[in-house]
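Data file: input.txt. Format and content: compact mmCIF, C-alpha atoms and all ligand atoms.
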```
# COMPACT_ATOMS: atom_id res chain seq x y z
CA MET A 97 0.00 0.00 0.00
CA ALA A 98 1.26 3.43 -0.87
CA VAL A 99 0.19 5.08 2.39
CA ASP A 100 0.18 3.91 6.01
CA PHE A 101 -2.91 4.67 8.02
CA ILE A 102 -2.10 5.58 11.59
CA ASP A 103 -3.17 3.19 14.28
CA VAL A 104 -6.05 5.19 15.79
CA GLU A 105 -9.61 3.92 15.98
CA ILE A 106 -12.06 5.72 13.68
CA PRO A 107 -14.24 8.02 15.85
CA GLU A 108 -18.00 7.41 15.88
CA PRO A 109 -20.17 10.35 14.70
CA GLY A 110 -20.14 13.00 17.42
CA GLN A 111 -17.13 11.40 19.16
CA TRP A 112 -13.41 12.16 18.89
CA GLN A 113 -9.97 10.59 18.93
CA GLU A 114 -6.65 12.33 19.57
CA VAL A 115 -4.48 11.90 16.43
CA SER A 116 -1.52 14.02 17.46
CA PRO A 117 -0.83 15.95 20.70
CA GLY A 118 -3.56 18.61 21.01
CA ILE A 119 -5.38 17.59 17.80
CA LEU A 120 -8.74 15.81 17.96
CA TRP A 121 -10.24 13.97 14.98
CA LEU A 122 -14.05 14.12 14.71
CA ARG A 123 -16.42 12.57 12.21
CA MET A 124 -19.79 13.77 10.97
CA PRO A 125 -22.16 11.78 8.73
CA LEU A 126 -22.98 12.62 5.08
CA PRO A 127 -26.06 11.42 3.19
CA PHE A 128 -24.03 10.26 0.14
CA ASP A 129 -22.04 7.19 -1.00
CA LEU A 130 -19.15 8.93 0.71
CA ASN A 131 -20.89 8.79 4.07
CA HIS A 132 -18.63 10.86 6.35
CA ILE A 133 -16.38 13.89 6.69
CA ASN A 134 -13.45 14.29 9.06
CA LEU A 135 -13.20 17.50 11.09
CA TYR A 136 -10.35 18.51 13.38
CA LEU A 137 -10.15 20.43 16.64
CA ILE A 138 -6.82 21.99 17.58
CA GLU A 139 -6.12 23.21 21.12
CA ASP A 140 -6.12 27.00 21.12
CA TYR A 141 -6.07 29.95 23.48
CA ASP A 142 -8.27 32.99 23.10
CA ALA A 143 -6.27 36.03 24.20
CA THR A 144 -9.31 38.32 24.48
CA SER A 145 -11.42 36.15 26.74
CA LYS A 146 -8.34 34.43 28.23
CA THR A 147 -9.97 31.05 27.72
CA LYS A 148 -8.71 27.75 26.46
CA GLY A 149 -10.68 26.20 23.68
CA TYR A 150 -10.36 24.71 20.24
CA ALA A 151 -9.88 26.01 16.73
CA LEU A 152 -12.14 23.99 14.44
CA ILE A 153 -11.20 22.93 10.90
CA ASP A 154 -14.32 22.36 8.76
CA THR A 155 -17.82 22.00 10.12
CA GLY A 156 -20.00 19.26 8.55
CA ILE A 157 -22.97 19.47 6.20
CA GLY A 158 -25.80 21.86 7.19
CA LEU A 159 -28.47 19.35 8.21
CA PRO A 160 -30.36 18.98 11.53
CA LYS A 161 -28.60 15.68 12.24
CA THR A 162 -25.17 17.39 12.14
CA GLN A 163 -26.43 20.16 14.39
CA ALA A 164 -27.70 17.65 16.96
CA LEU A 165 -24.34 15.86 16.90
CA TRP A 166 -22.51 19.17 17.35
CA ASP A 167 -24.70 20.08 20.33
CA SER A 168 -24.01 16.79 22.04
CA LEU A 169 -20.29 16.89 21.23
CA LEU A 170 -19.87 20.43 22.54
CA THR A 171 -21.59 19.47 25.78
CA LYS A 172 -19.27 16.51 26.25
CA ILE A 173 -16.10 18.36 25.34
CA ASN A 174 -17.03 21.27 27.60
CA ALA A 175 -14.75 23.87 25.97
CA PRO A 176 -15.53 26.75 23.59
CA LEU A 177 -14.52 27.06 19.97
CA THR A 178 -12.02 29.91 19.48
CA LYS A 179 -11.90 30.04 15.67
CA VAL A 180 -13.79 28.40 12.83
CA ILE A 181 -11.56 27.67 9.83
CA VAL A 182 -13.03 26.27 6.61
CA THR A 183 -10.78 24.70 3.95
CA HIS A 184 -13.16 25.21 1.02
CA LEU A 185 -16.69 26.01 -0.03
CA HIS A 186 -18.25 22.56 -0.38
CA PRO A 187 -21.30 22.03 1.84
CA ASP A 188 -19.80 19.20 3.89
CA HIS A 189 -17.04 21.64 4.91
CA ILE A 190 -18.85 24.97 5.28
CA GLY A 191 -22.41 23.74 6.02
CA MET A 192 -22.48 24.32 9.80
CA ALA A 193 -20.05 27.28 9.91
CA GLY A 194 -22.76 29.91 10.46
CA TYR A 195 -24.23 28.02 13.39
CA LEU A 196 -20.90 27.53 15.15
CA VAL A 197 -19.55 31.04 14.49
CA ASP A 198 -22.78 32.54 15.88
CA LYS A 199 -22.85 30.23 18.89
CA PHE A 200 -19.35 31.21 20.03
CA ARG A 201 -19.08 34.62 18.31
CA VAL A 202 -15.63 33.78 17.03
CA PRO A 203 -13.71 34.72 13.87
CA PHE A 204 -14.40 32.80 10.69
CA TYR A 205 -11.41 32.02 8.46
CA MET A 206 -11.47 31.17 4.75
CA SER A 207 -9.56 32.12 1.64
CA HIS A 208 -11.03 35.05 -0.30
CA SER A 209 -12.27 33.09 -3.34
CA GLU A 210 -13.72 30.25 -1.30
CA TYR A 211 -15.62 32.66 0.94
CA PHE A 212 -17.20 34.67 -1.86
CA VAL A 213 -17.92 31.71 -4.14
CA ALA A 214 -19.61 29.99 -1.18
CA ARG A 215 -21.76 33.08 -0.58
CA ALA A 216 -22.66 33.26 -4.29
CA LEU A 217 -23.46 29.60 -4.83
CA SER A 218 -25.48 29.26 -1.65
CA ALA A 219 -27.57 32.30 -2.65
CA GLY A 220 -28.80 30.39 -5.74
CA SER A 221 -29.74 31.73 -9.17
CA ARG A 222 -32.12 34.47 -7.87
CA GLY A 223 -34.35 33.89 -10.88
CA ALA A 224 -31.60 34.18 -13.50
CA SER A 225 -32.42 32.43 -16.73
CA GLY A 226 -31.39 28.78 -16.90
CA TRP A 227 -30.52 28.47 -20.62
CA GLN A 228 -26.81 28.33 -19.90
CA ASP A 229 -27.29 25.45 -17.46
CA ASP A 230 -29.29 23.65 -20.15
CA GLU A 231 -26.67 24.38 -22.78
CA TYR A 232 -23.94 22.99 -20.51
CA LEU A 233 -25.78 19.65 -20.32
CA VAL A 234 -26.34 19.63 -24.09
CA ARG A 235 -22.62 20.31 -24.68
CA CYS A 236 -21.90 17.36 -22.37
CA GLY A 237 -23.82 15.07 -24.73
CA MET A 238 -26.86 14.50 -22.53
CA SER A 239 -30.16 13.58 -24.22
CA ALA A 240 -32.88 16.19 -24.83
CA ASP A 241 -35.09 14.35 -22.29
CA TYR A 242 -32.39 14.44 -19.66
CA VAL A 243 -31.85 18.19 -20.19
CA THR A 244 -35.60 18.89 -19.91
CA GLN A 245 -35.93 16.85 -16.72
CA ALA A 246 -32.85 18.47 -15.17
CA SER A 247 -34.25 21.89 -16.02
CA GLU A 248 -37.58 21.05 -14.34
CA LYS A 249 -35.81 19.76 -11.22
CA ARG A 250 -33.72 22.90 -10.93
CA LYS A 251 -36.88 25.00 -10.75
CA ASN A 252 -38.01 23.21 -7.59
CA ASN A 253 -34.60 22.90 -6.06
CA LYS A 254 -32.87 25.46 -3.88
CA GLY A 255 -29.54 23.89 -4.81
CA VAL A 256 -26.56 23.80 -2.55
CA GLY A 257 -28.06 26.47 -0.27
CA GLN A 258 -30.31 23.78 1.20
CA VAL A 259 -27.38 22.16 2.97
CA ILE A 260 -25.41 25.27 3.90
CA LEU A 261 -26.68 27.28 6.87
CA PRO A 262 -26.48 31.06 6.35
CA ILE A 263 -22.79 31.90 5.95
CA PRO A 264 -21.31 34.49 8.38
CA LEU A 265 -21.28 37.97 6.89
CA GLN A 266 -17.63 38.51 7.77
CA HIS A 267 -14.46 36.52 7.27
CA GLU A 268 -10.76 36.63 8.06
CA ARG A 269 -8.80 36.07 4.89
CA LEU A 270 -6.34 33.19 4.65
CA GLN A 271 -3.64 33.76 2.05
CA GLU A 272 -0.98 31.61 0.46
CA GLY A 273 2.37 31.83 2.23
CA GLU A 274 0.98 33.45 5.39
CA GLU A 275 0.58 31.78 8.76
CA ILE A 276 -2.18 31.40 11.28
CA LYS A 277 -1.42 31.00 14.98
CA ILE A 278 -3.31 28.30 16.83
CA GLY A 279 -2.33 27.75 20.47
CA THR A 280 1.44 28.27 20.51
CA ASP A 281 1.96 26.90 16.99
CA HIS A 282 2.14 28.65 13.65
CA TRP A 283 0.41 26.89 10.77
CA GLN A 284 1.53 27.69 7.26
CA ILE A 285 -1.23 28.32 4.69
CA MET A 286 -0.85 26.37 1.45
CA ILE A 287 -3.31 26.74 -1.42
CA GLY A 288 -4.50 23.96 -3.70
CA ARG A 289 -6.62 24.61 -6.78
CA GLY A 290 -8.72 22.48 -9.09
CA HIS A 291 -11.07 20.74 -6.67
CA SER A 292 -12.24 24.21 -5.63
CA PRO A 293 -10.94 27.70 -6.41
CA GLU A 294 -8.57 28.48 -3.50
CA HIS A 295 -8.58 25.48 -1.19
CA VAL A 296 -6.71 26.02 2.09
CA CYS A 297 -4.36 23.38 3.50
CA LEU A 298 -2.60 24.03 6.82
CA TYR A 299 0.92 22.80 7.59
CA ASN A 300 2.62 22.79 10.96
CA LYS A 301 6.40 22.99 10.50
CA GLN A 302 7.17 22.16 14.14
CA THR A 303 5.15 18.95 14.28
CA HIS A 304 5.05 17.96 10.59
CA VAL A 305 1.25 17.80 10.49
CA LEU A 306 -0.67 18.67 7.31
CA ILE A 307 -4.40 19.32 7.29
CA SER A 308 -5.03 18.52 3.64
CA GLY A 309 -8.82 18.99 3.32
CA ASP A 310 -9.99 17.44 0.06
CA HIS A 311 -6.88 18.45 -1.90
CA VAL A 312 -4.93 15.32 -0.94
CA LEU A 313 -7.07 12.31 0.00
CA PRO A 314 -6.11 8.68 0.54
CA ILE A 315 -7.90 5.87 -1.38
CA ILE A 316 -10.24 8.21 -3.27
CA THR A 317 -9.42 11.14 -5.56
CA PRO A 318 -11.04 14.54 -5.14
CA ASN A 319 -13.55 15.53 -7.81
CA ILE A 320 -11.99 17.81 -10.43
CA GLY A 321 -14.91 19.14 -12.44
CA VAL A 322 -15.93 21.63 -15.09
CA TYR A 323 -19.38 22.96 -14.20
CA SER A 324 -21.92 25.16 -15.93
CA THR A 325 -20.73 28.29 -14.09
CA GLU A 326 -17.47 28.19 -16.12
CA PRO A 327 -17.56 25.75 -19.02
CA ASN A 328 -14.18 26.90 -20.34
CA ALA A 329 -12.39 26.27 -17.05
CA ASN A 330 -9.27 24.10 -16.90
CA PRO A 331 -9.32 22.91 -13.28
CA LEU A 332 -7.32 19.75 -13.94
CA LYS A 333 -4.33 21.88 -14.95
CA MET A 334 -4.71 23.86 -11.71
CA TYR A 335 -4.92 20.66 -9.69
CA LEU A 336 -1.85 19.11 -11.32
CA ASP A 337 0.04 22.42 -10.92
CA THR A 338 -0.70 22.72 -7.18
CA LEU A 339 0.00 19.11 -6.13
CA PRO A 340 3.81 18.91 -6.51
CA GLN A 341 4.43 21.61 -3.83
CA PHE A 342 3.34 19.06 -1.21
CA LYS A 343 6.34 16.90 -2.06
CA ASN A 344 8.49 19.67 -0.56
CA LEU A 345 7.08 18.80 2.87
CA PRO A 346 8.89 16.12 4.88
CA GLU A 347 8.26 12.48 4.00
CA ASP A 348 7.17 11.74 7.59
CA THR A 349 4.35 14.35 7.50
CA LEU A 350 1.16 13.19 9.23
CA VAL A 351 -1.66 13.95 6.77
CA LEU A 352 -5.09 14.72 8.21
CA PRO A 353 -7.53 14.48 5.27
CA SER A 354 -11.25 15.32 5.12
CA HIS A 355 -12.28 11.80 4.10
CA LYS A 356 -11.05 8.29 4.97
CA GLN A 357 -8.25 8.12 7.57
CA PRO A 358 -5.14 10.05 8.67
CA PHE A 359 -1.99 8.68 7.04
CA ILE A 360 1.75 8.87 6.52
CA GLY A 361 3.00 8.69 2.93
CA LEU A 362 2.34 12.13 1.46
CA HIS A 363 4.96 11.87 -1.30
CA ASN A 364 3.63 8.55 -2.58
CA ARG A 365 0.06 9.77 -2.46
CA VAL A 366 0.88 12.93 -4.44
CA ASP A 367 2.63 10.77 -7.07
CA GLU A 368 -0.36 8.43 -7.23
CA LEU A 369 -2.85 11.28 -7.66
CA ILE A 370 -0.81 12.79 -10.50
CA GLU A 371 -0.41 9.35 -12.06
CA HIS A 372 -4.15 8.65 -11.77
CA HIS A 373 -5.05 11.70 -13.85
CA HIS A 374 -2.32 11.06 -16.42
CA GLU A 375 -3.66 7.52 -16.87
CA HIS A 376 -7.15 8.90 -17.44
CA LEU A 377 -5.77 11.39 -19.95
CA GLU A 378 -3.93 8.61 -21.80
CA HIS A 379 -7.08 6.46 -21.98
CA LEU A 380 -9.05 9.41 -23.34
CA ARG A 381 -6.44 10.21 -26.02
CA GLU A 382 -6.84 6.62 -27.22
CA PHE A 383 -10.64 6.51 -26.90
CA CYS A 384 -11.20 9.81 -28.71
CA LYS A 385 -9.22 8.88 -31.83
CA GLU A 386 -12.71 8.85 -33.29
CA GLY A 387 -14.66 11.85 -31.97
CA LYS A 388 -16.65 11.29 -28.78
CA THR A 389 -19.05 13.24 -26.58
CA ILE A 390 -18.32 13.88 -22.90
CA LYS A 391 -21.01 11.37 -21.95
CA ASP A 392 -19.47 8.74 -24.24
CA CYS A 393 -16.27 9.04 -22.19
CA LEU A 394 -17.82 8.18 -18.81
CA PRO A 395 -17.11 4.40 -18.99
CA VAL A 396 -13.45 5.19 -19.74
CA LEU A 397 -13.12 7.02 -16.41
CA PHE A 398 -15.68 5.25 -14.22
CA LYS A 399 -15.96 1.49 -13.98
CA ARG A 400 -18.75 1.57 -11.39
CA GLU A 401 -22.43 2.21 -12.00
CA LEU A 402 -23.31 5.90 -11.50
CA ASN A 403 -26.42 7.04 -9.66
CA GLU A 404 -27.94 10.45 -10.41
CA HIS A 405 -25.92 12.29 -7.75
CA ASN A 406 -22.68 10.70 -8.96
CA LEU A 407 -23.53 11.25 -12.63
CA PHE A 408 -23.53 15.03 -12.12
CA PHE A 409 -19.97 14.93 -10.76
CA ALA A 410 -18.83 12.26 -13.25
CA ILE A 411 -19.84 14.39 -16.25
CA ALA A 412 -18.00 17.36 -14.74
CA GLU A 413 -14.91 15.20 -14.15
CA ALA A 414 -14.89 13.85 -17.72
CA PHE A 415 -15.31 17.44 -18.97
CA SER A 416 -12.28 18.62 -16.97
CA HIS A 417 -10.05 15.92 -18.49
CA LEU A 418 -11.25 16.64 -22.03
CA ASN A 419 -10.91 20.40 -21.60
CA TYR A 420 -7.35 19.82 -20.32
CA LEU A 421 -6.48 17.97 -23.53
CA TYR A 422 -8.24 20.62 -25.60
CA PHE A 423 -6.31 23.48 -23.98
CA GLN A 424 -3.09 21.47 -24.36
CA GLN A 425 -3.99 21.48 -28.06
CA GLU A 426 -3.97 17.71 -28.12
CA MET A 427 -7.66 17.51 -29.00
CA ARG A 428 -10.15 19.29 -31.21
CA ARG A 429 -13.44 20.40 -29.67
CA ASP A 430 -16.22 20.75 -32.21
CA ILE A 431 -19.97 21.14 -31.83
CA ASN A 432 -22.15 18.67 -33.74
CA ASP A 433 -25.55 19.46 -35.28
CA ILE A 434 -27.41 18.73 -32.00
CA GLY A 435 -25.15 20.92 -29.90
CA HIS A 436 -22.94 18.22 -28.34
CA TYR A 437 -19.22 18.83 -27.95
CA ILE A 438 -17.25 16.28 -29.94
CA PHE A 439 -13.69 15.82 -28.69
CA SER A 440 -11.24 14.19 -31.06
CA THR A 441 -7.56 13.47 -30.58
CA LYS A 442 -5.40 15.37 -33.08
ZN ZN B 1 -14.64 19.26 -1.53
```
This entry written out as structure tokens:
Amino acid sequence: MAVDFIDVEIPEPGQWQEVSPGILWLRMPLPFDLNHINLYLIEDYDATSKTKGYALIDTGIGLPKTQALWDSLLTKINAPLTKVIVTHLHPDHIGMAGYLVDKFRVPFYMSHSEYFVARALSAGSRGASGWQDDEYLVRCGMSADYVTQASEKRKNNKGVGQVILPIPLQHERLQEGEEIKIGTDHWQIMIGRGHSPEHVCLYNKQTHVLISGDHVLPIITPNIGVYSTEPNANPLKMYLDTLPQFKNLPEDTLVLPSHKQPFIGLHNRVDELIEHHHEHLEHLREFCKEGKTIKDCLPVLFKRELNEHNLFFAIAEAFSHLNYLYFQQEMRRDINDIGHYIFSTK
């Protein structure tokens, strides 16, 4: 195996395990195939109130079940939160931030892009016309029926805002290369791109601990997708460009990811993630020797059956790989007579 999981029992939802001195690992449930998220509490000291407490990294999805688990956990742990830090805008990370920031009236830390994109996406379309969302699905090669049904569903759906509680109206900006002090330690801010716009990872130089969020995960690979908000994005290039920096951290770094388990083996994992995408790109170059739609390419990238929730992310992932090859000028991208993109290897 390329990574070694540390020998700590997986915490039950609403419980915790110490993974490193002063760092507690928590788990919250998710209503998806990926059924959990890891959150971390780091011992901290609040200079204003002169109280000991914990800085929290990520918050869980904004559903009543998570809130109930938070209430019970906070009672058991009997210490306040001092800071709420969110790695990126996805609802399993930011969902409960508003609740926790309000409860303790503490500062809320995010990178600039993640904060504002989270505010924008959770506010929904505000009645804006949906033709561009429809066109995105057509370009992806989805059937006319599928596009019509998706369009109908969107009308009755509040989108991602349903699982994100109102986001605090103020944030403290986390920036690449700067540090944030938690307790007596300084954590270095590292930015990863591609899975989300300006994903924050935190690295502790003294203890060699990396909080990697979704940027570096064991076993599974983070979704790298092109979505309807920016169909000409090239997030795979951004992801591949921001992974190698993590190989500059020591080999013995303890990685605390947002899904699965904490592990040692950062260098191997970074190599594997890069390799994984290059393999997908190679398979697509071969498959698209005769022009293919984005939907045609799904079986090349995904061997498992895809449910509706997964299909949305799978299309976006296939799109990101094909756009990468298009912007590398290795593929042509034409539009056929029914509006589908046809990608063909040059
Ligand atoms: Zn994510």
Nearby polymer residues, ligand ZN 1 (chain B), at most 12 Å, all atoms listed in the file, as number ranges by chain = A: 130, 133-134, 154, 156-157, 182-191, 210, 214, 288-296, 308-313, 317-321, 353-355, 409
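Checking A:Gln266, A:Thr441, A:Ser168, A:Ser239 one by one against Phe212 of chain A, counting only C-alpha atoms, you find the shortest gap at A:Gln266.
Residues surrounding Val234 of chain A within 12 Å are A:Trp227, A:Gln228, A:Asp229, A:Asp230, A:Glu231, A:Gly237, A:Met238, A:Ser239, A:Ala240, A:Asp241, A:Tyr242, A:Val243, A:Thr244, A:Ala246, A:Ser247, A:Ser324, A:Pro327, A:Thr389, A:Ile390, A:Lys391, A:Ile411, A:Ile431, A:Asn432, A:Asp433, A:Ile434, A:Gly435, A:His436, A:Tyr437, A:Ile438 [all atoms listed in the file; sequence separation below 3 positions excluded].
Among A:Cys393, A:Leu345, A:Ile173, A:Val322, the residue with the shortest atom-to-atom distance to Tyr420 of chain A, counting all atoms listed in the file, is A:Val322.
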May I have the protein, DNA and RNA residues with an atom at most 12 Å from (11.5, 16.9, 13.7), counting all atoms listed in the file in the file's coordinates, returned as a ChimeraX atom specification?
-> /A:300-305,345-350
By how many Å are atom CA of Asn406 of chain A and atom CA of Val99 of chain A apart?
-> 26.1 Å
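When atom CA of Pro358 of chain A is paired with atom CA of Lys399 of chain A, their separation reads 26.5 Å.
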Using all atoms of segment 223-226 of chain A listed in the file and a margin of 8 Å per side, can you give the axis-aligned box centre and edge lengths in Å to one decimal, as lines of an AutoDock Vina configuration file?
```
center_x = -32.9
center_y = 31.5
center_z = -13.9
size_x = 19.0
size_y = 21.4
size_z = 22.0
```
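For the point (-9.9, 15.4, -22.1), the residues with at least one atom inside 8 Å, counting all atoms listed in the file, are Leu377, Leu380, Arg381, Ala414, Phe415, Ser416, His417, Leu418, Asn419, Tyr420, Leu421, Tyr422, Met427 and Phe439 of chain A.
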Mind dumping the selected residues with C-alpha atoms as an mmCIF file, in the frame of the given file?
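Contents of out09.cif, freshly written:
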```cif
data_model
loop_
_atom_site.group_PDB
_atom_site.id
_atom_site.type_symbol
_atom_site.label_atom_id
_atom_site.label_comp_id
_atom_site.auth_asym_id
_atom_site.auth_seq_id
_atom_site.Cartn_x
_atom_site.Cartn_y
_atom_site.Cartn_z
ATOM 1 C CA LEU A 377 -5.770 11.390 -19.950
ATOM 2 C CA LEU A 380 -9.050 9.410 -23.340
ATOM 3 C CA ARG A 381 -6.440 10.210 -26.020
ATOM 4 C CA ALA A 414 -14.890 13.850 -17.720
ATOM 5 C CA PHE A 415 -15.310 17.440 -18.970
ATOM 6 C CA SER A 416 -12.280 18.620 -16.970
ATOM 7 C CA HIS A 417 -10.050 15.920 -18.490
ATOM 8 C CA LEU A 418 -11.250 16.640 -22.030
ATOM 9 C CA ASN A 419 -10.910 20.400 -21.600
ATOM 10 C CA TYR A 420 -7.350 19.820 -20.320
ATOM 11 C CA LEU A 421 -6.480 17.970 -23.530
ATOM 12 C CA TYR A 422 -8.240 20.620 -25.600
ATOM 13 C CA MET A 427 -7.660 17.510 -29.000
ATOM 14 C CA PHE A 439 -13.690 15.820 -28.690
#
```
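Between Gly110 of chain A and the residues A:Pro331, A:Gly257, A:Gly149, A:Pro125, the shortest atom-to-atom distance, using only C-alpha atoms, involves A:Pro125.
Residues lying within 10 Å of Leu120 of chain A, counting only C-alpha atoms and ignoring same-chain neighbours fewer than 6 positions away, are Pro107, Gln111, Trp112, Gln113, Glu114, Leu135, Tyr136, Leu137, Ile138, Glu139, Tyr150 and Leu152 of chain A.
Using all atoms listed in the file, the nearest neighbour of Pro264 of chain A within the list A:Trp166, A:Phe398, A:Tyr141, A:Tyr195 is A:Tyr195.
Atom pair atom CA of Glu368 of chain A / atom CA of Leu122 of chain A: separated by 26.5 Å.
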Between A:Tyr299, A:Lys343, A:Gln425, A:Ile106, single out the one closest to Asn364 of chain A, counting all atoms listed in the file.
-> A:Lys343
Across A:Ile102, A:Leu165, A:Ala412, A:Cys297, the smallest distance to Met124 of chain A, with all atoms listed in the file counted, is shown by A:Leu165
